[in-house]
Amino acid sequence: MRAPASLILLTSSVLLVALAGCGAKTSPPEGRGAVPVTVVTLAPTTVTLQRELPGRVTPFLVAEVRPQVNGIIARRLFTEGGLVRAGQPLYQIEDATYRADRDSAAASVARAEATLVTAQLTARRSAELVKVDAVSKQDDEDAAAALRQAEAELKAARAAVARADVVLGFARITAPISGRIGKSSVTQGALVTANQAAPLATVQQLDPVYVDVTQSSAEFLELRRALAAGTLKGTRDLPVTIMLEDGSRFDHPGKLEFSDVTVDPTTGSFALRIVVPNPQNTLLPGMYVRAVVGDGKRDNALLVPQQGVTRDPKGAATAMVVNGEGKVELRKIEVSRALGDKWLVEGGLAAGDRVIVEGLQKIRPGAPVQASEAGTAPPAATAPAPQES
């Protein structure tokens, strides 16, 4: 009976030693368990707040060419799609009738001049004869009245010539403005009428051009409040960047010309007009572009990388921050807009906070971490000390 008791005691002692050895192997050394993460330390900076607004290109000047007299198109004097100068002839209308009217008016002037000469001579003689009572005063007054009538008829005839010249000039249709002209809607031999509804061609000035964009009235009110509160500084004179349909940047920046004073009730937005130089005629009317318009400058702004911000199921923004004890702290933050690959912070973070941007999948609030600044080499992980068995 004593042998089994000794065996039980020996077995118990071995088991206790083994458990003690296992416990020694599972106890982590000091510092083990801190997860290496990458952080970005927030620092205040001055940023220009911008909005990218969709828009369409419109010509600086547009003129529709229409005839002002009736007639048959005799010749087209321009190249479709080419550049024309103000006053350059575009169409020639058959003008034989208008030349005849002008010649008739000129003949009326010659007849009126001859009548005037006769009236002057008669009035001069009558004025001399009335002094010696050779003619009656009535005849002298009639002669003077005939002279004035002849002078008036000459003025009327000359006015008719001027009008005939204007009508004859209308037979040659000229460009009202300088610019690029489109296709012609008529050909040689077509009948056109004065002030017809359909234009013969359209001339558009394309250097510079307008870019018309729309902005939400709610955004406008937010901007006005920020400017009034002093959190933003106005940037109306900043150049406007134009982005083309393919995503490339247009070479020439534009300038904000004016803001409309009426809000569209169907869309809740109002129009902005931007003037953009277009020396190579790259921007064409109707082209879709995007305008990067500056809203204002903000001093002491905080920007947090987008990869360091997550959203909870309710859509609230959160960030993981390394606190003074080297542990993870969950922060609820407020962000307003994206500036490149960063969010503009409105609340929840302060200058000097270290926001975790890499290693978020391996941490949880309250866990110790080893933080390294983004762009620097990460700290070497602490290797566990060897254990004696």
# chains A, B, ... in the order shown; residues from 1 in each chain; ligands from 1
$ residues_around --residues "Lys327 in chain A" --least-positions-apart "2" --cutoff "10 Å" --atoms "only C-alpha atoms" --output "VMD selection string"
chain A and resid 34 to 35 320 to 325 329 363 to 371
$ residues_around --residues "range 74-87 of chain A" --least-positions-apart "3" --cutoff "8 Å" --atoms "only C-alpha atoms" --output "list of chain:residue names"
A:Leu90, A:Tyr91, A:Gln92, A:Ile93, A:Glu94, A:Thr174, A:Ala175, A:Pro176, A:Ile177, A:Ser178, A:Gly179, A:Arg180, A:Ile181, A:Gly182, A:Lys183, A:Ser184, A:Thr187, A:Gln188, A:Gly189
$ write_last_selection --atoms "N, CA and C atoms" --output "PDB file, in the first residue's frame"
ATOM      1  N   LEU A  90     -19.758  88.623 -97.015  1.00  0.00           N
ATOM      2  CA  LEU A  90     -20.080  87.210 -96.887  1.00  0.00           C
ATOM      3  C   LEU A  90     -20.930  86.709 -98.061  1.00  0.00           C
ATOM      4  N   TYR A  91     -21.935  87.493 -98.463  1.00  0.00           N
ATOM      5  CA  TYR A  91     -22.825  87.117 -99.576  1.00  0.00           C
ATOM      6  C   TYR A  91     -23.033  88.346-100.463  1.00  0.00           C
ATOM      7  N   GLN A  92     -23.240  88.069-101.740  1.00  0.00           N
ATOM      8  CA  GLN A  92     -23.631  89.117-102.678  1.00  0.00           C
ATOM      9  C   GLN A  92     -24.985  88.755-103.268  1.00  0.00           C
ATOM     10  N   ILE A  93     -25.972  89.642-103.053  1.00  0.00           N
ATOM     11  CA  ILE A  93     -27.310  89.462-103.600  1.00  0.00           C
ATOM     12  C   ILE A  93     -27.387  90.198-104.939  1.00  0.00           C
ATOM     13  N   GLU A  94     -28.141  89.614-105.880  1.00  0.00           N
ATOM     14  CA  GLU A  94     -28.358  90.295-107.166  1.00  0.00           C
ATOM     15  C   GLU A  94     -28.916  91.688-106.881  1.00  0.00           C
ATOM     16  N   THR A 174     -22.392  91.632 -95.012  1.00  0.00           N
ATOM     17  CA  THR A 174     -21.071  91.607 -94.398  1.00  0.00           C
ATOM     18  C   THR A 174     -21.136  90.975 -93.005  1.00  0.00           C
ATOM     19  N   ALA A 175     -19.959  90.603 -92.477  1.00  0.00           N
ATOM     20  CA  ALA A 175     -19.867  89.987 -91.148  1.00  0.00           C
ATOM     21  C   ALA A 175     -20.078  91.059 -90.080  1.00  0.00           C
ATOM     22  N   PRO A 176     -21.017  90.857 -89.156  1.00  0.00           N
ATOM     23  CA  PRO A 176     -21.252  91.858 -88.113  1.00  0.00           C
ATOM     24  C   PRO A 176     -20.159  91.888 -87.050  1.00  0.00           C
ATOM     25  N   ILE A 177     -19.481  90.749 -86.825  1.00  0.00           N
ATOM     26  CA  ILE A 177     -18.409  90.675 -85.833  1.00  0.00           C
ATOM     27  C   ILE A 177     -17.272  89.838 -86.419  1.00  0.00           C
ATOM     28  N   SER A 178     -16.125  89.898 -85.747  1.00  0.00           N
ATOM     29  CA  SER A 178     -15.007  89.025 -86.121  1.00  0.00           C
ATOM     30  C   SER A 178     -15.125  87.714 -85.359  1.00  0.00           C
ATOM     31  N   GLY A 179     -14.767  86.633 -86.020  1.00  0.00           N
ATOM     32  CA  GLY A 179     -14.846  85.325 -85.370  1.00  0.00           C
ATOM     33  C   GLY A 179     -14.812  84.211 -86.395  1.00  0.00           C
ATOM     34  N   ARG A 180     -15.225  83.026 -85.935  1.00  0.00           N
ATOM     35  CA  ARG A 180     -15.267  81.856 -86.812  1.00  0.00           C
ATOM     36  C   ARG A 180     -16.701  81.663 -87.300  1.00  0.00           C
ATOM     37  N   ILE A 181     -16.838  81.496 -88.612  1.00  0.00           N
ATOM     38  CA  ILE A 181     -18.161  81.355 -89.204  1.00  0.00           C
ATOM     39  C   ILE A 181     -18.455  79.882 -89.463  1.00  0.00           C
ATOM     40  N   GLY A 182     -19.701  79.499 -89.275  1.00  0.00           N
ATOM     41  CA  GLY A 182     -20.113  78.122 -89.486  1.00  0.00           C
ATOM     42  C   GLY A 182     -20.502  77.861 -90.933  1.00  0.00           C
ATOM     43  N   LYS A 183     -21.275  76.813 -91.106  1.00  0.00           N
ATOM     44  CA  LYS A 183     -21.681  76.452 -92.464  1.00  0.00           C
ATOM     45  C   LYS A 183     -22.771  77.388 -92.954  1.00  0.00           C
ATOM     46  N   SER A 184     -22.864  77.503 -94.284  1.00  0.00           N
ATOM     47  CA  SER A 184     -23.879  78.337 -94.910  1.00  0.00           C
ATOM     48  C   SER A 184     -25.158  77.525 -95.082  1.00  0.00           C
ATOM     49  N   THR A 187     -27.179  78.393-100.753  1.00  0.00           N
ATOM     50  CA  THR A 187     -26.179  78.327-101.804  1.00  0.00           C
ATOM     51  C   THR A 187     -26.477  79.382-102.853  1.00  0.00           C
ATOM     52  N   GLN A 188     -25.600  79.496-103.800  1.00  0.00           N
ATOM     53  CA  GLN A 188     -25.810  80.423-104.904  1.00  0.00           C
ATOM     54  C   GLN A 188     -27.108  80.089-105.644  1.00  0.00           C
ATOM     55  N   GLY A 189     -27.899  81.124-105.914  1.00  0.00           N
ATOM     56  CA  GLY A 189     -29.177  80.939-106.591  1.00  0.00           C
ATOM     57  C   GLY A 189     -30.369  80.851-105.666  1.00  0.00           C
TER      58      GLY A 189
END
$ residues_around --residues "range 140-145 of chain A" --least-positions-apart "5" --cutoff "8 Å" --atoms "only C-alpha atoms" --output "list of chain:residue names"
A:Ala119, A:Thr122, A:Ala123, A:Ser126, A:Ala127, A:Val130, A:Val135
$ write_last_selection --atoms "C-alpha atoms" --output "short mmCIF file (atom, residue, chain, number, x, y, z; two decimals), in the first residue's frame"
data_model
loop_
_atom_site.label_atom_id
_atom_site.label_comp_id
_atom_site.auth_asym_id
_atom_site.auth_seq_id
_atom_site.Cartn_x
_atom_site.Cartn_y
_atom_site.Cartn_z
CA ALA A 119 -36.22 129.21 -108.59
CA THR A 122 -36.74 133.92 -110.50
CA ALA A 123 -36.60 134.95 -106.86
CA SER A 126 -38.49 139.36 -108.50
CA ALA A 127 -36.65 140.90 -105.56
CA VAL A 130 -40.49 144.66 -106.63
CA VAL A 135 -44.06 143.24 -110.07
#
$ closest_residue --among "A:Gly268, A:Pro208, A:Gly254, A:Gly247" --to "Thr282 in chain A" --atoms "only C-alpha atoms"
A:Pro208
